[in-house]
Amino acid sequence: MTGVPASTAGGTGRAPAPGGKLGAAAVNQASLWNIANILTMLRLVLVPGFVMLLLADGGYDPAMRAWAWAAFAVAMITDIFDGHLARTYNLVTDFGKIADPIADKAIMGAALICLSYLGDLPWWVTGVILFRELGITLMRFWVIRHGVIPASRGGKLKTLAQGTATGMYVLALTGPLATLRFWVMAIAVVLTVVTGIDYVRQAIVLRRQGLAARRASQDPAS
């Protein structure tokens, strides 16, 4: 049973075709409120809560920092799953394409800035990482008309190293673990710089290829 009166269906007793305007609207609405986008929005919501937990009592409360680490860990885990779900189940939306990278950089940027503000992490480390992330994002938009720069294995390792190191700094670690987190962050910084340079190289090559292809298509002799 459709619950649609025959008169509203043109007197035929049939419901409107699924491909009609109402059906399309329902599909669009469902595609927006999918599990991948919900996880992305959860990460955005976690950012202010994470900041408040990390800075609570001047940032010196180990219990509050443990809760902040939990919020950060949830954000990192959802970052892995939302992209996988979107690609696997064809849940990619325009909202997700915009919101996902914003959510990623918001939680990482908030963590790095807060840690530097508390004096736990040198400001130059925060500056290098944020400059690289912002620069690569802008570069992707710069060459997007020529193609998409795919995520490399080095980029994925960089993300893992950054998340692990930052999470260790969020926790109130002492002794050998505090020394270990220093070296993990050092590895993250090296990967950040190296992969950033590689992305710049890929962007230049991609742009040159795109311009060459455009000139070739516009050349009357071709």
# chains A, B, ... in the order shown; residues from 1 in each chain; ligands from 1
$ residues_around --residues "range 119-121 of chain A" --least-positions-apart "2" --cutoff "10 Å" --atoms "only C-alpha atoms" --output "VMD selection string"
chain A and resid 59 112 to 117 123 to 126 166 169 to 170 172 182 185
$ write_last_selection --atoms "N, CA and C atoms" --output "short mmCIF file (atom, residue, chain, number, x, y, z; two decimals), in the first residue's frame"
data_model
loop_
_atom_site.label_atom_id
_atom_site.label_comp_id
_atom_site.auth_asym_id
_atom_site.auth_seq_id
_atom_site.Cartn_x
_atom_site.Cartn_y
_atom_site.Cartn_z
N GLY A 59 45.56 22.87 31.64
CA GLY A 59 46.22 21.82 30.88
C GLY A 59 47.09 20.90 31.71
N LEU A 112 47.56 20.65 17.83
CA LEU A 112 48.91 21.20 17.75
C LEU A 112 48.99 22.59 18.36
N ILE A 113 48.01 23.44 18.05
CA ILE A 113 48.02 24.81 18.57
C ILE A 113 47.88 24.80 20.10
N CYS A 114 47.00 23.97 20.61
CA CYS A 114 46.82 23.89 22.07
C CYS A 114 48.09 23.38 22.75
N LEU A 115 48.73 22.36 22.18
CA LEU A 115 49.95 21.81 22.76
C LEU A 115 51.07 22.85 22.76
N SER A 116 51.18 23.62 21.69
CA SER A 116 52.19 24.67 21.66
C SER A 116 51.85 25.78 22.64
N TYR A 117 50.57 26.10 22.76
CA TYR A 117 50.14 27.12 23.72
C TYR A 117 50.48 26.70 25.16
N TRP A 123 56.60 25.71 18.91
CA TRP A 123 55.74 26.35 17.92
C TRP A 123 56.21 26.09 16.49
N TRP A 124 57.52 25.89 16.31
CA TRP A 124 58.01 25.67 14.93
C TRP A 124 57.50 24.34 14.38
N VAL A 125 57.31 23.34 15.26
CA VAL A 125 56.76 22.07 14.81
C VAL A 125 55.32 22.26 14.33
N THR A 126 54.55 22.98 15.14
CA THR A 126 53.17 23.27 14.76
C THR A 126 53.13 24.06 13.45
N THR A 166 50.98 13.17 17.99
CA THR A 166 50.15 14.19 18.63
C THR A 166 49.36 13.59 19.78
N TYR A 169 51.50 13.29 22.76
CA TYR A 169 51.73 14.58 23.42
C TYR A 169 50.49 15.04 24.19
N VAL A 170 49.31 14.65 23.74
CA VAL A 170 48.10 15.01 24.46
C VAL A 170 48.08 14.35 25.84
N ALA A 172 49.55 13.01 29.35
CA ALA A 172 50.56 13.54 30.27
C ALA A 172 51.61 12.46 30.54
N PHE A 182 58.90 12.19 21.62
CA PHE A 182 59.74 13.16 20.92
C PHE A 182 60.22 12.60 19.59
N MET A 185 57.40 12.18 17.05
CA MET A 185 57.08 13.47 16.45
C MET A 185 58.15 13.88 15.46
#
$ residues_around --residues "Val51 in chain A" --least-positions-apart "4" --cutoff "9 Å" --atoms "only C-alpha atoms" --output "ChimeraX atom specification"
/A:46-47,55-56,68,107,110-111,114
$ write_last_selection --atoms "N, CA and C atoms" --output "CSV table (one decimal), in the first residue's frame"
chain,number,residue,atom,x,y,z
A,46,LEU,N,33.5,17.2,17.8
A,46,LEU,CA,34.4,16.8,18.9
A,46,LEU,C,35.5,17.9,19.1
A,47,VAL,N,35.8,18.7,18.1
A,47,VAL,CA,36.9,19.7,18.2
A,47,VAL,C,36.7,20.6,19.4
A,55,LEU,N,42.6,21.9,27.7
A,55,LEU,CA,43.0,23.1,28.4
A,55,LEU,C,42.4,23.2,29.8
A,56,ALA,N,41.6,22.3,30.2
A,56,ALA,CA,41.0,22.3,31.5
A,56,ALA,C,42.0,22.4,32.6
A,68,ALA,N,40.7,14.1,26.9
A,68,ALA,CA,41.0,14.8,25.6
A,68,ALA,C,41.7,13.8,24.6
A,107,ILE,N,40.7,19.1,13.8
A,107,ILE,CA,41.1,18.4,15.0
A,107,ILE,C,42.6,18.4,15.2
A,110,ALA,N,43.8,22.0,15.9
A,110,ALA,CA,43.4,22.4,17.3
A,110,ALA,C,44.4,21.8,18.3
A,111,ALA,N,44.7,20.5,18.1
A,111,ALA,CA,45.6,19.8,19.0
A,111,ALA,C,47.0,20.4,19.0
A,114,CYS,N,47.0,24.0,20.6
A,114,CYS,CA,46.8,23.9,22.1
A,114,CYS,C,48.1,23.4,22.7
$ residues_around --residues "Ala99 in chain A" --least-positions-apart "5" --cutoff "9 Å" --atoms "only C-alpha atoms" --output "NGL selection string"
:A and (37 or 40-41 or 44 or 94 or 104)
$ closest_residue --among "A:Leu191, A:Leu138, A:Leu171, A:Val205" --to "Leu53 in chain A" --atoms "only C-alpha atoms"
A:Leu171
$ residues_around --residues "Arg145 in chain A" --least-positions-apart "3" --cutoff "9 Å" --atoms "only C-alpha atoms" --output "number ranges by chain"
A: 141-142, 148, 207, 210
$ atom_distance --atom1 "CA of Ala216 in chain A" --atom2 "CA of Ala203 in chain A"
19.8 Å
$ select_by_dssp --residues "range 77-208 of chain A" --states "alpha helix (DSSP H)" --output "mmCIF file with N, CA and C atoms, in the first residue's frame"
data_model
loop_
_atom_site.group_PDB
_atom_site.id
_atom_site.type_symbol
_atom_site.label_atom_id
_atom_site.label_comp_id
_atom_site.auth_asym_id
_atom_site.auth_seq_id
_atom_site.Cartn_x
_atom_site.Cartn_y
_atom_site.Cartn_z
ATOM 1 N N ILE A 77 40.008 7.797 14.523
ATOM 2 C CA ILE A 77 39.419 6.536 14.066
ATOM 3 C C ILE A 77 38.298 6.799 13.065
ATOM 4 N N THR A 78 37.452 7.776 13.375
ATOM 5 C CA THR A 78 36.364 8.090 12.439
ATOM 6 C C THR A 78 36.906 8.625 11.118
ATOM 7 N N ASP A 79 38.077 9.268 11.163
ATOM 8 C CA ASP A 79 38.698 9.754 9.932
ATOM 9 C C ASP A 79 39.027 8.583 9.007
ATOM 10 N N ILE A 80 39.432 7.458 9.601
ATOM 11 C CA ILE A 80 39.757 6.276 8.801
ATOM 12 C C ILE A 80 38.489 5.658 8.222
ATOM 13 N N PHE A 81 37.454 5.552 9.053
ATOM 14 C CA PHE A 81 36.268 4.808 8.643
ATOM 15 C C PHE A 81 35.361 5.585 7.696
ATOM 16 N N ASP A 82 35.245 6.894 7.876
ATOM 17 C CA ASP A 82 34.282 7.608 7.025
ATOM 18 C C ASP A 82 34.703 7.595 5.560
ATOM 19 N N GLY A 83 35.998 7.766 5.303
ATOM 20 C CA GLY A 83 36.460 7.702 3.924
ATOM 21 C C GLY A 83 36.304 6.313 3.329
ATOM 22 N N HIS A 84 36.609 5.293 4.140
ATOM 23 C CA HIS A 84 36.469 3.915 3.656
ATOM 24 C C HIS A 84 35.014 3.588 3.342
ATOM 25 N N LEU A 85 34.117 3.986 4.230
ATOM 26 C CA LEU A 85 32.690 3.720 4.013
ATOM 27 C C LEU A 85 32.174 4.461 2.782
ATOM 28 N N ALA A 86 32.601 5.726 2.622
ATOM 29 C CA ALA A 86 32.122 6.519 1.489
ATOM 30 C C ALA A 86 32.539 5.895 0.161
ATOM 31 N N ARG A 87 33.788 5.409 0.099
ATOM 32 C CA ARG A 87 34.267 4.816 -1.156
ATOM 33 C C ARG A 87 33.677 3.426 -1.384
ATOM 34 N N THR A 88 33.566 2.636 -0.327
ATOM 35 C CA THR A 88 33.105 1.255 -0.471
ATOM 36 C C THR A 88 31.631 1.179 -0.840
ATOM 37 N N ASP A 94 29.023 15.883 -2.183
ATOM 38 C CA ASP A 94 29.732 17.164 -2.242
ATOM 39 C C ASP A 94 30.032 17.685 -0.835
ATOM 40 N N PHE A 95 29.069 17.485 0.073
ATOM 41 C CA PHE A 95 29.299 17.905 1.462
ATOM 42 C C PHE A 95 30.498 17.181 2.056
ATOM 43 N N GLY A 96 30.574 15.872 1.828
ATOM 44 C CA GLY A 96 31.671 15.091 2.371
ATOM 45 C C GLY A 96 33.013 15.505 1.810
ATOM 46 N N LYS A 97 33.048 15.826 0.502
ATOM 47 C CA LYS A 97 34.303 16.240 -0.123
ATOM 48 C C LYS A 97 34.856 17.512 0.522
ATOM 49 N N ILE A 98 33.958 18.392 0.957
ATOM 50 C CA ILE A 98 34.381 19.656 1.570
ATOM 51 C C ILE A 98 34.604 19.491 3.062
ATOM 52 N N ALA A 99 33.657 18.838 3.741
ATOM 53 C CA ALA A 99 33.698 18.754 5.201
ATOM 54 C C ALA A 99 34.775 17.823 5.720
ATOM 55 N N ASP A 100 35.056 16.729 4.988
ATOM 56 C CA ASP A 100 36.022 15.744 5.477
ATOM 57 C C ASP A 100 37.414 16.337 5.679
ATOM 58 N N PRO A 101 38.016 17.007 4.674
ATOM 59 C CA PRO A 101 39.341 17.592 4.913
ATOM 60 C C PRO A 101 39.314 18.705 5.951
ATOM 61 N N ILE A 102 38.201 19.441 6.037
ATOM 62 C CA ILE A 102 38.093 20.486 7.057
ATOM 63 C C ILE A 102 38.117 19.860 8.452
ATOM 64 N N ALA A 103 37.364 18.774 8.632
ATOM 65 C CA ALA A 103 37.322 18.097 9.929
ATOM 66 C C ALA A 103 38.684 17.527 10.290
ATOM 67 N N ASP A 104 39.380 16.960 9.307
ATOM 68 C CA ASP A 104 40.708 16.393 9.554
ATOM 69 C C ASP A 104 41.669 17.457 10.064
ATOM 70 N N LYS A 105 41.710 18.568 9.356
ATOM 71 C CA LYS A 105 42.663 19.616 9.700
ATOM 72 C C LYS A 105 42.240 20.374 10.955
ATOM 73 N N ALA A 106 40.932 20.421 11.239
ATOM 74 C CA ALA A 106 40.448 21.124 12.422
ATOM 75 C C ALA A 106 40.907 20.429 13.699
ATOM 76 N N ILE A 107 40.747 19.103 13.767
ATOM 77 C CA ILE A 107 41.126 18.395 14.988
ATOM 78 C C ILE A 107 42.638 18.374 15.162
ATOM 79 N N MET A 108 43.384 18.165 14.068
ATOM 80 C CA MET A 108 44.841 18.150 14.165
ATOM 81 C C MET A 108 45.384 19.544 14.463
ATOM 82 N N GLY A 109 44.851 20.544 13.781
ATOM 83 C CA GLY A 109 45.297 21.912 14.029
ATOM 84 C C GLY A 109 45.000 22.359 15.448
ATOM 85 N N ALA A 110 43.812 22.027 15.949
ATOM 86 C CA ALA A 110 43.446 22.398 17.321
ATOM 87 C C ALA A 110 44.392 21.751 18.321
ATOM 88 N N ALA A 111 44.723 20.472 18.098
ATOM 89 C CA ALA A 111 45.618 19.757 19.011
ATOM 90 C C ALA A 111 47.011 20.385 19.016
ATOM 91 N N LEU A 112 47.556 20.648 17.830
ATOM 92 C CA LEU A 112 48.909 21.196 17.746
ATOM 93 C C LEU A 112 48.988 22.592 18.356
ATOM 94 N N ILE A 113 48.007 23.438 18.049
ATOM 95 C CA ILE A 113 48.023 24.809 18.574
ATOM 96 C C ILE A 113 47.884 24.801 20.097
ATOM 97 N N CYS A 114 46.998 23.967 20.611
ATOM 98 C CA CYS A 114 46.819 23.893 22.069
ATOM 99 C C CYS A 114 48.085 23.377 22.750
ATOM 100 N N LEU A 115 48.727 22.364 22.177
ATOM 101 C CA LEU A 115 49.949 21.814 22.764
ATOM 102 C C LEU A 115 51.074 22.845 22.760
ATOM 103 N N SER A 116 51.180 23.617 21.692
ATOM 104 C CA SER A 116 52.190 24.673 21.663
ATOM 105 C C SER A 116 51.850 25.783 22.639
ATOM 106 N N TYR A 117 50.574 26.103 22.760
ATOM 107 C CA TYR A 117 50.139 27.117 23.724
ATOM 108 C C TYR A 117 50.482 26.699 25.155
ATOM 109 N N TRP A 123 56.599 25.710 18.907
ATOM 110 C CA TRP A 123 55.737 26.353 17.920
ATOM 111 C C TRP A 123 56.213 26.090 16.492
ATOM 112 N N TRP A 124 57.523 25.893 16.306
ATOM 113 C CA TRP A 124 58.006 25.672 14.932
ATOM 114 C C TRP A 124 57.497 24.339 14.380
ATOM 115 N N VAL A 125 57.313 23.344 15.261
ATOM 116 C CA VAL A 125 56.759 22.069 14.814
ATOM 117 C C VAL A 125 55.323 22.262 14.334
ATOM 118 N N THR A 126 54.549 22.976 15.140
ATOM 119 C CA THR A 126 53.166 23.274 14.757
ATOM 120 C C THR A 126 53.126 24.060 13.449
ATOM 121 N N GLY A 127 54.027 25.029 13.316
ATOM 122 C CA GLY A 127 54.064 25.844 12.109
ATOM 123 C C GLY A 127 54.394 25.036 10.866
ATOM 124 N N VAL A 128 55.371 24.148 10.965
ATOM 125 C CA VAL A 128 55.763 23.321 9.817
ATOM 126 C C VAL A 128 54.609 22.437 9.369
ATOM 127 N N ILE A 129 53.963 21.766 10.334
ATOM 128 C CA ILE A 129 52.879 20.839 9.981
ATOM 129 C C ILE A 129 51.686 21.576 9.394
ATOM 130 N N LEU A 130 51.279 22.672 10.042
ATOM 131 C CA LEU A 130 50.104 23.398 9.554
ATOM 132 C C LEU A 130 50.378 24.075 8.216
ATOM 133 N N PHE A 131 51.591 24.591 8.039
ATOM 134 C CA PHE A 131 51.946 25.218 6.764
ATOM 135 C C PHE A 131 51.890 24.191 5.647
ATOM 136 N N ARG A 132 52.399 22.993 5.913
ATOM 137 C CA ARG A 132 52.382 21.939 4.907
ATOM 138 C C ARG A 132 50.953 21.540 4.566
ATOM 139 N N GLU A 133 50.115 21.321 5.587
ATOM 140 C CA GLU A 133 48.747 20.866 5.341
ATOM 141 C C GLU A 133 47.947 21.917 4.567
ATOM 142 N N LEU A 134 48.074 23.177 4.977
ATOM 143 C CA LEU A 134 47.357 24.245 4.280
ATOM 144 C C LEU A 134 47.884 24.419 2.866
ATOM 145 N N GLY A 135 49.208 24.362 2.716
ATOM 146 C CA GLY A 135 49.805 24.540 1.400
ATOM 147 C C GLY A 135 49.392 23.458 0.417
ATOM 148 N N ILE A 136 49.381 22.198 0.875
ATOM 149 C CA ILE A 136 49.002 21.101 -0.010
ATOM 150 C C ILE A 136 47.531 21.191 -0.380
ATOM 151 N N THR A 137 46.692 21.601 0.569
ATOM 152 C CA THR A 137 45.264 21.765 0.276
ATOM 153 C C THR A 137 45.056 22.810 -0.814
ATOM 154 N N LEU A 138 45.730 23.944 -0.688
ATOM 155 C CA LEU A 138 45.619 24.996 -1.703
ATOM 156 C C LEU A 138 46.178 24.528 -3.044
ATOM 157 N N MET A 139 47.240 23.750 -2.997
ATOM 158 C CA MET A 139 47.843 23.254 -4.233
ATOM 159 C C MET A 139 46.913 22.284 -4.946
ATOM 160 N N ARG A 140 46.175 21.481 -4.190
ATOM 161 C CA ARG A 140 45.215 20.564 -4.804
ATOM 162 C C ARG A 140 44.168 21.345 -5.584
ATOM 163 N N PHE A 141 43.696 22.467 -4.995
ATOM 164 C CA PHE A 141 42.724 23.298 -5.706
ATOM 165 C C PHE A 141 43.360 23.962 -6.918
ATOM 166 N N TRP A 142 44.653 24.270 -6.826
ATOM 167 C CA TRP A 142 45.361 24.946 -7.922
ATOM 168 C C TRP A 142 45.431 24.064 -9.158
ATOM 169 N N VAL A 143 45.574 22.752 -8.978
ATOM 170 C CA VAL A 143 45.742 21.850 -10.119
ATOM 171 C C VAL A 143 44.509 20.985 -10.373
ATOM 172 N N ARG A 153 51.397 6.476 -0.433
ATOM 173 C CA ARG A 153 51.689 5.674 0.748
ATOM 174 C C ARG A 153 52.437 6.502 1.789
ATOM 175 N N GLY A 154 53.330 7.375 1.302
ATOM 176 C CA GLY A 154 54.040 8.244 2.233
ATOM 177 C C GLY A 154 53.108 9.196 2.954
ATOM 178 N N GLY A 155 52.105 9.691 2.212
ATOM 179 C CA GLY A 155 51.128 10.575 2.846
ATOM 180 C C GLY A 155 50.336 9.873 3.926
ATOM 181 N N LYS A 156 50.000 8.606 3.682
ATOM 182 C CA LYS A 156 49.265 7.841 4.697
ATOM 183 C C LYS A 156 50.134 7.577 5.917
ATOM 184 N N LEU A 157 51.424 7.274 5.685
ATOM 185 C CA LEU A 157 52.343 7.085 6.810
ATOM 186 C C LEU A 157 52.509 8.381 7.592
ATOM 187 N N LYS A 158 52.555 9.491 6.868
ATOM 188 C CA LYS A 158 52.650 10.803 7.532
ATOM 189 C C LYS A 158 51.470 11.047 8.439
ATOM 190 N N THR A 159 50.267 10.754 7.941
ATOM 191 C CA THR A 159 49.053 10.939 8.740
ATOM 192 C C THR A 159 49.079 10.060 9.986
ATOM 193 N N LEU A 160 49.510 8.810 9.818
ATOM 194 C CA LEU A 160 49.598 7.898 10.966
ATOM 195 C C LEU A 160 50.611 8.391 11.985
ATOM 196 N N ALA A 161 51.769 8.851 11.501
ATOM 197 C CA ALA A 161 52.808 9.339 12.410
ATOM 198 C C ALA A 161 52.352 10.598 13.138
ATOM 199 N N GLN A 162 51.728 11.508 12.400
ATOM 200 C CA GLN A 162 51.228 12.730 13.034
ATOM 201 C C GLN A 162 50.194 12.425 14.107
ATOM 202 N N GLY A 163 49.242 11.547 13.778
ATOM 203 C CA GLY A 163 48.195 11.211 14.742
ATOM 204 C C GLY A 163 48.750 10.531 15.976
ATOM 205 N N THR A 164 49.697 9.594 15.776
ATOM 206 C CA THR A 164 50.290 8.886 16.912
ATOM 207 C C THR A 164 51.089 9.832 17.794
ATOM 208 N N ALA A 165 51.937 10.640 17.171
ATOM 209 C CA ALA A 165 52.780 11.557 17.935
ATOM 210 C C ALA A 165 51.956 12.596 18.680
ATOM 211 N N THR A 166 50.983 13.171 17.986
ATOM 212 C CA THR A 166 50.146 14.192 18.631
ATOM 213 C C THR A 166 49.355 13.589 19.782
ATOM 214 N N GLY A 167 48.822 12.379 19.583
ATOM 215 C CA GLY A 167 48.101 11.712 20.664
ATOM 216 C C GLY A 167 48.985 11.465 21.867
ATOM 217 N N MET A 168 50.246 11.107 21.643
ATOM 218 C CA MET A 168 51.170 10.891 22.765
ATOM 219 C C MET A 168 51.465 12.187 23.499
ATOM 220 N N TYR A 169 51.498 13.293 22.760
ATOM 221 C CA TYR A 169 51.726 14.584 23.416
ATOM 222 C C TYR A 169 50.488 15.042 24.194
ATOM 223 N N VAL A 170 49.313 14.645 23.738
ATOM 224 C CA VAL A 170 48.096 15.009 24.465
ATOM 225 C C VAL A 170 48.080 14.351 25.840
ATOM 226 N N PRO A 176 60.535 7.511 29.999
ATOM 227 C CA PRO A 176 60.872 6.978 28.664
ATOM 228 C C PRO A 176 59.799 7.239 27.617
ATOM 229 N N LEU A 177 58.524 7.210 28.014
ATOM 230 C CA LEU A 177 57.447 7.448 27.056
ATOM 231 C C LEU A 177 57.483 8.879 26.534
ATOM 232 N N ALA A 178 57.869 9.823 27.399
ATOM 233 C CA ALA A 178 57.997 11.210 26.958
ATOM 234 C C ALA A 178 59.132 11.348 25.944
ATOM 235 N N THR A 179 60.220 10.578 26.160
ATOM 236 C CA THR A 179 61.318 10.583 25.197
ATOM 237 C C THR A 179 60.888 9.939 23.884
ATOM 238 N N LEU A 180 60.133 8.849 23.983
ATOM 239 C CA LEU A 180 59.665 8.159 22.785
ATOM 240 C C LEU A 180 58.781 9.055 21.926
ATOM 241 N N ARG A 181 57.891 9.814 22.581
ATOM 242 C CA ARG A 181 56.992 10.661 21.793
ATOM 243 C C ARG A 181 57.766 11.742 21.041
ATOM 244 N N PHE A 182 58.902 12.185 21.617
ATOM 245 C CA PHE A 182 59.738 13.164 20.922
ATOM 246 C C PHE A 182 60.223 12.598 19.594
ATOM 247 N N TRP A 183 60.684 11.343 19.605
ATOM 248 C CA TRP A 183 61.216 10.738 18.386
ATOM 249 C C TRP A 183 60.104 10.410 17.400
ATOM 250 N N VAL A 184 58.936 10.029 17.902
ATOM 251 C CA VAL A 184 57.804 9.788 17.001
ATOM 252 C C VAL A 184 57.401 11.088 16.316
ATOM 253 N N MET A 185 57.398 12.178 17.053
ATOM 254 C CA MET A 185 57.075 13.471 16.447
ATOM 255 C C MET A 185 58.148 13.882 15.455
ATOM 256 N N ALA A 186 59.401 13.572 15.750
ATOM 257 C CA ALA A 186 60.478 13.893 14.806
ATOM 258 C C ALA A 186 60.273 13.157 13.485
ATOM 259 N N ILE A 187 59.885 11.887 13.573
ATOM 260 C CA ILE A 187 59.600 11.120 12.360
ATOM 261 C C ILE A 187 58.428 11.735 11.607
ATOM 262 N N ALA A 188 57.403 12.162 12.364
ATOM 263 C CA ALA A 188 56.230 12.777 11.735
ATOM 264 C C ALA A 188 56.609 14.060 10.999
ATOM 265 N N VAL A 189 57.480 14.866 11.585
ATOM 266 C CA VAL A 189 57.896 16.119 10.957
ATOM 267 C C VAL A 189 58.683 15.831 9.672
ATOM 268 N N VAL A 190 59.585 14.840 9.732
ATOM 269 C CA VAL A 190 60.362 14.487 8.539
ATOM 270 C C VAL A 190 59.434 14.011 7.420
ATOM 271 N N LEU A 191 58.492 13.133 7.749
ATOM 272 C CA LEU A 191 57.538 12.650 6.748
ATOM 273 C C LEU A 191 56.676 13.790 6.217
ATOM 274 N N THR A 192 56.337 14.741 7.082
ATOM 275 C CA THR A 192 55.535 15.897 6.671
ATOM 276 C C THR A 192 56.261 16.706 5.609
ATOM 277 N N VAL A 193 57.544 16.956 5.834
ATOM 278 C CA VAL A 193 58.335 17.760 4.894
ATOM 279 C C VAL A 193 58.579 16.989 3.595
ATOM 280 N N VAL A 194 59.001 15.720 3.719
ATOM 281 C CA VAL A 194 59.340 14.922 2.530
ATOM 282 C C VAL A 194 58.123 14.718 1.636
ATOM 283 N N THR A 195 56.992 14.326 2.228
ATOM 284 C CA THR A 195 55.787 14.109 1.413
ATOM 285 C C THR A 195 55.261 15.423 0.859
ATOM 286 N N GLY A 196 55.463 16.513 1.591
ATOM 287 C CA GLY A 196 55.046 17.817 1.083
ATOM 288 C C GLY A 196 55.811 18.187 -0.171
ATOM 289 N N ILE A 197 57.127 17.951 -0.163
ATOM 290 C CA ILE A 197 57.943 18.226 -1.344
ATOM 291 C C ILE A 197 57.510 17.345 -2.512
ATOM 292 N N ASP A 198 57.190 16.075 -2.221
ATOM 293 C CA ASP A 198 56.760 15.158 -3.277
ATOM 294 C C ASP A 198 55.437 15.603 -3.884
ATOM 295 N N TYR A 199 54.507 16.102 -3.034
ATOM 296 C CA TYR A 199 53.228 16.590 -3.555
ATOM 297 C C TYR A 199 53.432 17.814 -4.446
ATOM 298 N N VAL A 200 54.371 18.684 -4.070
ATOM 299 C CA VAL A 200 54.670 19.845 -4.911
ATOM 300 C C VAL A 200 55.189 19.388 -6.279
ATOM 301 N N ARG A 201 56.070 18.399 -6.275
ATOM 302 C CA ARG A 201 56.588 17.856 -7.534
ATOM 303 C C ARG A 201 55.455 17.277 -8.384
ATOM 304 N N GLN A 202 54.572 16.496 -7.765
ATOM 305 C CA GLN A 202 53.457 15.910 -8.507
ATOM 306 C C GLN A 202 52.532 16.990 -9.075
ATOM 307 N N ALA A 203 52.304 18.039 -8.290
ATOM 308 C CA ALA A 203 51.415 19.110 -8.736
ATOM 309 C C ALA A 203 51.997 19.825 -9.946
ATOM 310 N N ILE A 204 53.309 20.086 -9.932
ATOM 311 C CA ILE A 204 53.961 20.759 -11.057
ATOM 312 C C ILE A 204 53.884 19.899 -12.314
ATOM 313 N N VAL A 205 54.185 18.602 -12.172
ATOM 314 C CA VAL A 205 54.134 17.685 -13.313
ATOM 315 C C VAL A 205 52.708 17.600 -13.861
ATOM 316 N N LEU A 206 51.732 17.473 -12.958
ATOM 317 C CA LEU A 206 50.338 17.357 -13.381
ATOM 318 C C LEU A 206 49.877 18.610 -14.110
ATOM 319 N N ARG A 207 50.275 19.770 -13.633
ATOM 320 C CA ARG A 207 49.885 21.017 -14.282
ATOM 321 C C ARG A 207 50.534 21.147 -15.658
ATOM 322 N N ARG A 208 51.804 20.780 -15.764
ATOM 323 C CA ARG A 208 52.478 20.844 -17.059
ATOM 324 C C ARG A 208 51.819 19.910 -18.060
#
